[in-house]
Structures are given as structure tokens and as C-alpha cells.
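Heads up, coords.txt below (compact mmCIF, C-alpha atoms):
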```txt
# COMPACT_ATOMS: atom_id res chain seq x y z
CA MET A 1 -95.66 -92.93 105.72
CA PHE A 2 -92.20 -93.16 104.14
CA GLN A 3 -92.18 -92.56 100.42
CA VAL A 4 -89.13 -92.69 98.19
CA THR A 5 -89.07 -92.47 94.43
CA VAL A 6 -85.73 -93.58 93.02
CA VAL A 7 -84.21 -94.17 89.62
CA HIS A 8 -80.86 -95.82 88.97
CA HIS A 9 -77.64 -93.90 89.43
CA ALA A 10 -76.22 -92.08 86.44
CA LEU A 11 -75.46 -94.44 83.57
CA PRO A 12 -72.40 -93.85 81.35
CA ASP A 13 -74.46 -92.08 78.68
CA VAL A 14 -76.74 -90.13 81.08
CA LEU A 15 -75.56 -86.81 82.46
CA LEU A 16 -78.04 -86.44 85.32
CA THR A 17 -80.14 -88.95 87.25
CA PRO A 18 -82.85 -87.44 89.49
CA PHE A 19 -84.96 -88.69 92.36
CA SER A 20 -86.97 -87.15 95.18
CA MET A 21 -87.60 -88.14 98.78
CA ARG A 22 -90.30 -87.41 101.36
CA HIS A 23 -90.71 -88.52 104.94
CA ARG A 24 -93.00 -87.59 107.82
CA ARG A 25 -91.18 -86.20 110.83
CA GLU A 26 -89.67 -88.70 113.26
CA SER A 27 -88.04 -87.73 116.54
CA LYS A 28 -84.79 -89.51 115.64
CA GLY A 29 -84.72 -88.31 112.05
CA ILE A 30 -83.56 -90.29 109.04
CA SER A 31 -80.09 -91.79 109.33
CA VAL A 32 -77.95 -92.71 106.33
CA PRO A 33 -74.76 -94.65 107.25
CA ASP A 34 -71.34 -93.88 105.85
CA HIS A 35 -71.20 -94.61 102.10
CA VAL A 36 -69.65 -93.51 98.81
CA HIS A 37 -71.17 -92.53 95.44
CA ASN A 38 -69.46 -93.18 92.14
CA GLU A 39 -71.14 -90.00 90.91
CA GLY A 40 -71.38 -86.53 92.37
CA MET A 41 -74.60 -85.65 94.18
CA LEU A 42 -76.49 -82.36 94.34
CA VAL A 43 -79.31 -82.23 96.90
CA LEU A 44 -81.83 -79.42 97.17
CA VAL A 45 -83.34 -79.46 100.66
CA HIS A 46 -87.00 -78.43 100.67
CA GLU A 47 -87.77 -79.27 104.31
CA GLY A 48 -85.76 -80.52 107.26
CA LEU A 49 -82.24 -80.02 108.58
CA VAL A 50 -79.55 -82.24 107.06
CA MET A 51 -76.34 -82.99 108.95
CA VAL A 52 -73.61 -84.35 106.66
CA GLN A 53 -70.34 -85.78 108.00
CA SER A 54 -67.31 -86.52 105.82
CA GLY A 55 -64.28 -87.54 107.83
CA THR A 56 -63.88 -84.93 110.58
CA GLN A 57 -65.93 -82.34 108.68
CA VAL A 58 -69.56 -81.88 109.69
CA TRP A 59 -71.83 -79.30 108.12
CA THR A 60 -75.51 -78.55 107.88
CA VAL A 61 -77.79 -78.00 104.89
CA LEU A 62 -80.90 -75.94 105.64
CA PRO A 63 -84.21 -75.81 103.78
CA GLY A 64 -83.78 -73.70 100.69
CA SER A 65 -80.13 -74.73 100.36
CA LEU A 66 -78.26 -76.80 97.78
CA GLY A 67 -75.68 -79.30 99.00
CA TRP A 68 -72.90 -80.92 96.98
CA ILE A 69 -70.97 -84.16 97.59
CA PRO A 70 -68.23 -84.99 95.03
CA PRO A 71 -67.84 -88.52 93.66
CA GLY A 72 -65.77 -90.92 95.74
CA VAL A 73 -66.18 -88.95 98.99
CA SER A 74 -67.18 -91.08 101.97
CA HIS A 75 -69.99 -89.45 103.94
CA ALA A 76 -72.87 -90.11 106.33
CA ALA A 77 -76.01 -88.04 106.81
CA ARG A 78 -78.86 -87.56 109.25
CA TRP A 79 -82.06 -85.72 108.45
CA PHE A 80 -84.01 -83.99 111.24
CA GLY A 81 -87.58 -82.71 111.10
CA GLU A 82 -89.90 -82.98 108.14
CA ALA A 83 -87.72 -84.39 105.37
CA ARG A 84 -88.19 -83.48 101.74
CA GLY A 85 -85.51 -83.11 99.10
CA SER A 86 -84.61 -83.42 95.44
CA PHE A 87 -81.44 -85.16 94.33
CA LEU A 88 -79.33 -85.11 91.19
CA TYR A 89 -76.59 -87.65 90.61
CA VAL A 90 -74.02 -86.11 88.26
CA ARG A 91 -71.93 -88.38 86.05
CA ALA A 92 -68.35 -88.48 87.37
CA ASP A 93 -66.74 -87.07 84.22
CA ALA A 94 -68.99 -84.01 84.43
CA CYS A 95 -68.04 -83.17 88.04
CA HIS A 96 -64.79 -81.34 87.29
CA ARG A 97 -66.77 -78.11 86.97
CA LEU A 98 -68.06 -78.46 90.52
CA PRO A 99 -65.99 -78.11 93.74
CA ALA A 100 -63.63 -80.91 94.74
CA HIS A 101 -64.89 -80.70 98.33
CA CYS A 102 -68.33 -80.85 99.95
CA ARG A 103 -70.16 -77.54 99.74
CA SER A 104 -73.55 -75.94 100.32
CA TRP A 105 -75.09 -72.75 98.98
CA PRO A 106 -78.33 -70.83 99.49
CA SER A 107 -80.58 -71.77 96.59
CA SER A 108 -82.28 -69.30 94.25
CA LYS A 109 -85.52 -69.26 92.27
CA LEU A 110 -83.56 -70.24 89.17
CA ILE A 111 -81.88 -73.19 90.91
CA ASP A 112 -85.24 -74.29 92.32
CA ALA A 113 -86.79 -74.15 88.83
CA LEU A 114 -83.93 -76.07 87.23
CA ILE A 115 -83.99 -78.81 89.87
CA GLU A 116 -87.77 -79.00 89.45
CA ARG A 117 -87.32 -79.44 85.69
CA PHE A 118 -84.72 -82.18 86.15
CA THR A 119 -86.61 -84.16 88.79
CA ASN A 120 -90.19 -83.85 87.51
CA THR A 121 -89.72 -84.29 83.77
CA PRO A 122 -90.40 -87.86 82.54
CA ALA A 123 -87.31 -89.78 81.45
CA GLY A 124 -86.54 -89.23 77.78
CA ALA A 125 -88.81 -86.19 77.45
CA LEU A 126 -85.85 -83.82 77.12
CA SER A 127 -83.05 -84.24 74.60
CA ASP A 128 -79.49 -84.82 75.80
CA ALA A 129 -78.42 -81.54 74.21
CA TYR A 130 -81.10 -79.61 76.07
CA LEU A 131 -80.23 -81.32 79.37
CA GLU A 132 -76.60 -80.27 78.92
CA GLN A 133 -77.71 -76.68 78.28
CA LEU A 134 -79.80 -76.69 81.45
CA PHE A 135 -76.87 -78.20 83.37
CA ASP A 136 -74.63 -75.37 82.10
CA VAL A 137 -77.14 -72.82 83.38
CA LEU A 138 -77.33 -74.61 86.75
CA LEU A 139 -73.53 -74.52 87.12
CA ALA A 140 -73.40 -70.85 86.14
CA GLU A 141 -76.03 -70.01 88.76
CA ILE A 142 -74.24 -72.04 91.45
CA GLU A 143 -71.06 -70.06 90.76
CA GLN A 144 -72.96 -66.89 91.70
CA ARG A 145 -73.94 -68.26 95.12
CA GLU A 146 -71.69 -67.84 98.15
CA HIS A 147 -70.67 -70.89 100.19
CA VAL A 148 -71.48 -70.08 103.83
CA PRO A 149 -71.07 -73.24 105.90
CA LEU A 150 -73.04 -73.72 109.12
CA LEU A 151 -70.94 -76.08 111.18
CA LEU A 152 -71.85 -78.18 114.20
CA PRO A 153 -69.06 -80.48 115.50
CA MET A 154 -70.19 -84.02 116.29
CA PRO A 155 -68.56 -86.30 118.89
CA ASP A 156 -67.02 -89.66 117.96
CA ASP A 157 -68.08 -91.63 121.04
CA PRO A 158 -71.29 -93.55 120.14
CA ARG A 159 -72.91 -92.62 123.45
CA LEU A 160 -72.18 -88.94 122.93
CA GLN A 161 -73.42 -89.23 119.35
CA ASP A 162 -76.71 -90.59 120.68
CA LEU A 163 -76.90 -87.62 123.05
CA ALA A 164 -76.16 -85.15 120.24
CA ASN A 165 -78.71 -86.70 117.90
CA SER A 166 -81.33 -86.74 120.64
CA LEU A 167 -80.77 -83.04 121.35
CA LEU A 168 -81.09 -82.26 117.65
CA GLY A 169 -84.19 -84.42 117.34
CA THR A 170 -85.92 -82.93 120.38
CA PRO A 171 -84.45 -79.42 120.83
CA ASP A 172 -87.05 -78.52 123.47
CA ASP A 173 -85.80 -81.30 125.79
CA THR A 174 -85.10 -79.64 129.16
CA SER A 175 -83.03 -82.48 130.65
CA GLY A 176 -79.94 -81.27 132.51
CA ILE A 177 -76.37 -82.55 132.44
CA ASP A 178 -76.86 -84.69 135.56
CA GLU A 179 -79.86 -86.45 133.99
CA TRP A 180 -78.00 -87.10 130.74
CA ALA A 181 -74.95 -88.36 132.60
CA GLN A 182 -77.15 -90.84 134.47
CA ARG A 183 -78.71 -92.05 131.20
CA LEU A 184 -75.24 -92.54 129.70
CA ASN A 185 -73.92 -94.26 132.82
CA MET A 186 -71.11 -91.78 133.45
CA SER A 187 -70.45 -88.97 135.90
CA SER A 188 -71.46 -85.42 135.03
CA ARG A 189 -67.82 -84.36 135.14
CA THR A 190 -66.80 -87.13 132.74
CA LEU A 191 -69.64 -86.27 130.37
CA MET A 192 -68.70 -82.60 130.25
CA ARG A 193 -64.97 -83.35 129.84
CA ARG A 194 -65.42 -85.93 127.07
CA PHE A 195 -67.94 -83.86 125.17
CA ARG A 196 -65.61 -80.86 125.13
CA GLN A 197 -62.62 -83.00 124.17
CA GLU A 198 -64.46 -84.46 121.18
CA THR A 199 -66.26 -81.35 119.92
CA GLY A 200 -64.11 -78.43 121.08
CA VAL A 201 -67.08 -76.77 122.81
CA THR A 202 -68.98 -77.30 126.03
CA LEU A 203 -72.20 -79.30 126.02
CA GLY A 204 -74.14 -76.11 126.84
CA GLN A 205 -72.58 -74.24 123.89
CA TRP A 206 -73.22 -77.17 121.58
CA ARG A 207 -76.84 -77.47 122.72
CA GLN A 208 -77.48 -73.77 122.09
CA GLN A 209 -76.00 -74.02 118.57
CA ALA A 210 -78.09 -77.12 117.86
CA ARG A 211 -81.25 -75.31 118.99
CA LEU A 212 -80.43 -72.33 116.78
CA LEU A 213 -79.84 -74.57 113.75
CA ARG A 214 -83.14 -76.40 114.33
CA GLY A 215 -84.73 -72.98 114.79
CA LEU A 216 -83.29 -71.87 111.44
CA GLU A 217 -84.73 -74.97 109.80
CA MET A 218 -88.19 -74.20 111.17
CA LEU A 219 -87.95 -70.51 110.21
CA CYS A 220 -86.92 -71.47 106.67
CA SER A 221 -90.00 -73.69 106.52
CA GLY A 222 -92.30 -70.77 107.36
CA GLY A 223 -92.57 -70.91 111.14
CA SER A 224 -93.03 -67.65 113.05
CA VAL A 225 -90.25 -66.45 115.35
CA THR A 226 -92.44 -66.98 118.42
CA GLU A 227 -93.49 -70.50 117.40
CA VAL A 228 -89.91 -71.45 116.63
CA ALA A 229 -88.51 -70.00 119.85
CA LEU A 230 -90.86 -72.14 121.96
CA SER A 231 -90.40 -75.23 119.75
CA VAL A 232 -86.63 -75.29 120.27
CA GLY A 233 -86.77 -74.80 124.02
CA TYR A 234 -86.46 -71.04 124.62
CA GLU A 235 -88.66 -69.54 127.34
CA SER A 236 -89.33 -66.36 125.38
CA THR A 237 -89.11 -64.92 121.89
CA SER A 238 -86.70 -62.22 123.04
CA ALA A 239 -84.29 -64.81 124.46
CA PHE A 240 -84.28 -66.68 121.14
CA ILE A 241 -83.73 -63.48 119.15
CA GLY A 242 -80.87 -62.49 121.47
CA SER A 243 -79.13 -65.84 121.07
CA PHE A 244 -79.71 -65.78 117.34
CA ARG A 245 -78.23 -62.28 116.99
CA ALA A 246 -75.20 -63.27 119.08
CA ALA A 247 -74.57 -66.33 116.87
CA PHE A 248 -75.33 -64.91 113.41
CA GLY A 249 -74.86 -61.16 113.86
CA MET A 250 -78.45 -60.27 112.94
CA THR A 251 -82.05 -60.99 113.85
CA PRO A 252 -83.87 -64.03 112.41
CA THR A 253 -85.96 -61.75 110.16
CA ARG A 254 -82.89 -60.09 108.64
CA TYR A 255 -81.13 -63.43 108.22
CA LEU A 256 -84.06 -64.87 106.28
CA ALA A 257 -84.37 -61.75 104.16
CA GLY A 258 -80.73 -62.14 103.12
CA ARG A 259 -81.41 -65.68 101.83
CA GLU A 260 -84.10 -64.56 99.38
```

Before we go any further, please render this structure as C-alpha cells.
Amino acid sequence: MFQVTVVHHALPDVLLTPFSMRHRRESKGISVPDHVHNEGMLVLVHEGLVMVQSGTQVWTVLPGSLGWIPPGVSHAARWFGEARGSFLYVRADACHRLPAHCRSWPSSKLIDALIERFTNTPAGALSDAYLEQLFDVLLAEIEQREHVPLLLPMPDDPRLQDLANSLLGTPDDTSGIDEWAQRLNMSSRTLMRRFRQETGVTLGQWRQQARLLRGLEMLCSGGSVTEVALSVGYESTSAFIGSFRAAFGMTPTRYLAGRE
């Protein structure tokens, strides 16, 4: 069941306009085509992995992270896994205190509480002066968080995009390069060459990074290391931990502890 609660974008005399979104998991995720907001947008991801693309830049926003898209920036997004988030549209003339480029930060208990206050308080229940004070606190807390982007390059070719999205949607898919090449009606050599040309990495490297990012999403949502390792296609917990340490420089447990 798809449920969306939306209120209108920020009006000239309203600093913040909130809404929340929920969706049951779908294998292909939720796709939002390229579009532009007149306002800035803060999104707190509660569940799911969000891939945001703006021009040639692609970055991920994990559960427990806060993403930022400035006003007037063209972007597309795709949401994988169980999707749940809270959104704040920020009036354009109030965005100068936020970065001029897309960003994401690990959230904090204070950020979570502030977003909760903004999105779950009935309209008109808080005075404009108090909302501005809360917004000041939110900005001050964001300034204390470190921007650590998790990047995953996406191909431009629509067929390769379908392949990439399928691998993100079903990370435990064991299909090999020959099988994918047949599905895409191209030779294995052509598939490997084009994928590397468009992403800068081999299909195998990209697939491993995609599995690790989906694994991070599941870990952030409370999954155990063993459950996550098997869910994203690893044959053993130790193999997942080894790949994770090679990519992020620490074990999954230490990585999660550093986000608290």
C-alpha cells in the first residue's frame, strides 16, 4: 500500500513546508524523474536507500542520514528497499545558510527530534517566531555534522541503467555477465566495455559496491550482519565483513557505531 501525505510547497510567508512518505518495499524501488524545486529540500531518510542524481553527480543517502537539495537544482531520485522519509521544503530566500550544492550528513538525535517536530505538528500550532528559532537550531546542528558522500556512478545508457537498477533492487541476484549480456541483447565484451566507459569501474566492482551500499541500508535499519550478508548475495558473513572492511576501512559494527 502506497501512502503519501503532502502539503503544498513553501508559500512566500511560510518558512518550512513538511510532508512525510511511506511505501512498502518493491523490487524496482520508487523512481522520481528529473525535476526542479523552487525551494530547497531537506530529506531525513528513515528507511531505504536513496540514490540521487544531479547532472553527472550521483550520491546515496542512507537511513539515518539527512540529504539536501538546493533550490533550482535539477535532480532525479530512486528509492530502494522499504521507503520512509520526512521532507522539509525550505523557502528559497532562507537557503543561503545551507550549502549551494547537494549534500548529505549523518543525522543526530537532535536533528531527528527537530524534523519530527516540523513534520508532525499541526499547521498553525507553532508561531512563526518559534519555527524560525527551531530552524536556527537545525542549521546550527547541521553545521556540526561532517559531509561524507557515498558515491556510486550510474551509467547513461538506458539499458545499462536498467541493469544497474536491477542489481540495486535485487542485490542477491546471482546472474553472471553472460546472462545479463543476453538479456540486454549485446555481447559480454560489449557490455563490460560500455559499462566501464560510462561508470569508470568494471561491472564486478560496481556490483560489489552496490551490494555493500544495500547492505549498509539494511544494517542501518537494524539487520544483523549475518542476515544482511546473505540478503545482498554473499556466501558467508566473513566474506561480507572482508569486503566491507576493504571498502570502508572498518567492520560493519564499527562503522555503525561511528554514526551514532

(request) Could you give me, as a list in words, the residues within 8 Å of A:His147, counting only C-alpha atoms and dropping anything in the same chain fewer than 5 positions from it? (result)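 Those residues are Arg103, Ser104, Trp105 and Pro106 of chain A.
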
With C-alpha atoms retained, write the just-selected residues as a short mmCIF file (atom, residue, chain, number, x, y, z; two decimals), keeping the file's coordinate frame.
```cif
data_model
loop_
_atom_site.label_atom_id
_atom_site.label_comp_id
_atom_site.auth_asym_id
_atom_site.auth_seq_id
_atom_site.Cartn_x
_atom_site.Cartn_y
_atom_site.Cartn_z
CA ARG A 103 -70.16 -77.54 99.74
CA SER A 104 -73.55 -75.94 100.32
CA TRP A 105 -75.09 -72.75 98.98
CA PRO A 106 -78.33 -70.83 99.49
#
```

(message) At a cut-off of 12 Å, using all atoms listed in the file, what residues contact A:Asp157? Leave out same-chain residues fewer than 5 positions from it and give the result as a PyMOL selection string.
(response) chain A and resi 162-164+184+191+194-199

Interface rows for stretch 41-88 of chain A against stretch 126-143 of chain A: nearest pair, Å to one decimal, 12 Å, all atoms listed in the file, as CSV:
```
residue,atom,partner,partner_atom,distance
A:Leu42,CA,A:Leu138,CA,10.9
A:Ser65,CA,A:Ile142,CA,11.0
A:Leu66,CA,A:Ile142,CA,8.9
A:Gly67,CA,A:Ile142,CA,10.6
A:Trp68,CA,A:Ile142,CA,10.5
A:Leu88,CA,A:Phe135,CA,10.7
```

(message) With only C-alpha atoms as the counted atoms, please give the residues lying no more than 9 Å from stretch 242-258 of chain A, apart from itself and same-chain residues fewer than 2 positions off, as a ChimeraX atom specification.
(response) /A:208-209,212,216,219-220,225,237-240,260

(request) Tell me which protein, DNA and RNA residues are within 8 Å of A:Leu44, counting only C-alpha atoms, leaving out same-chain ones fewer than 3 positions away, and put them as an NGL selection string. (result) :A and (63-67 or 85-87 or 107 or 112 or 115)

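Between atom CA of A:Pro99 and atom CA of A:Trp59 there is a distance of 15.6 Å.
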
(message) When you look at A:Met51 with a cut-off of 6 Å (counting all atoms listed in the file), what residues show up, excluding the ones that are within fewer than 4 positions of it in the same chain? I need them as a list of chain:residue names.
(response)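 Neighbouring residues, sequence-local ones excluded: A:Trp59, A:Thr60, A:Ala77, A:Arg78.
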
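A straight line drawn from atom CA of A:His101 to atom CA of A:Pro70 is 6.4 Å long.
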
Around (-87.7, -76.5, 120.7) in the file's frame, which residues reach within 7 Å when counting all atoms listed in the file? Return as a JSON list (two decimals) with C-alpha atoms, keeping the file's coordinate frame?
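The resulting out01.json:
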```json
[["chain", "number", "residue", "atom", "x", "y", "z"],
["A", 170, "THR", "CA", -85.92, -82.93, 120.38],
["A", 171, "PRO", "CA", -84.45, -79.42, 120.83],
["A", 172, "ASP", "CA", -87.05, -78.52, 123.47],
["A", 211, "ARG", "CA", -81.25, -75.31, 118.99],
["A", 228, "VAL", "CA", -89.91, -71.45, 116.63],
["A", 229, "ALA", "CA", -88.51, -70.00, 119.85],
["A", 230, "LEU", "CA", -90.86, -72.14, 121.96],
["A", 231, "SER", "CA", -90.40, -75.23, 119.75],
["A", 232, "VAL", "CA", -86.63, -75.29, 120.27],
["A", 233, "GLY", "CA", -86.77, -74.80, 124.02],
["A", 234, "TYR", "CA", -86.46, -71.04, 124.62]]
```

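What separates atom CA of A:Met218 from atom CA of A:Leu167 is a distance of 15.4 Å.
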
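Closest to A:Ala76 among A:Leu203, A:Val50, A:Leu150, A:Leu16 is A:Val50, based on only C-alpha atoms.
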
(message) Measuring between all atoms listed in the file, which one of A:Arg189, A:Lys109, A:His96, A:Arg84 shows the shortest distance to A:Val45?
(response)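 The answer is A:Arg84, which sits nearest to A:Val45.
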
(request) Considering all atoms listed in the file, state which residue in the set A:Ala83, A:Phe19, A:Asp156, A:Val14 is at the smallest distance from A:Ser221. (result)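 Between A:Ala83, A:Phe19, A:Asp156, A:Val14, the residue approaching A:Ser221 most closely is A:Ala83.
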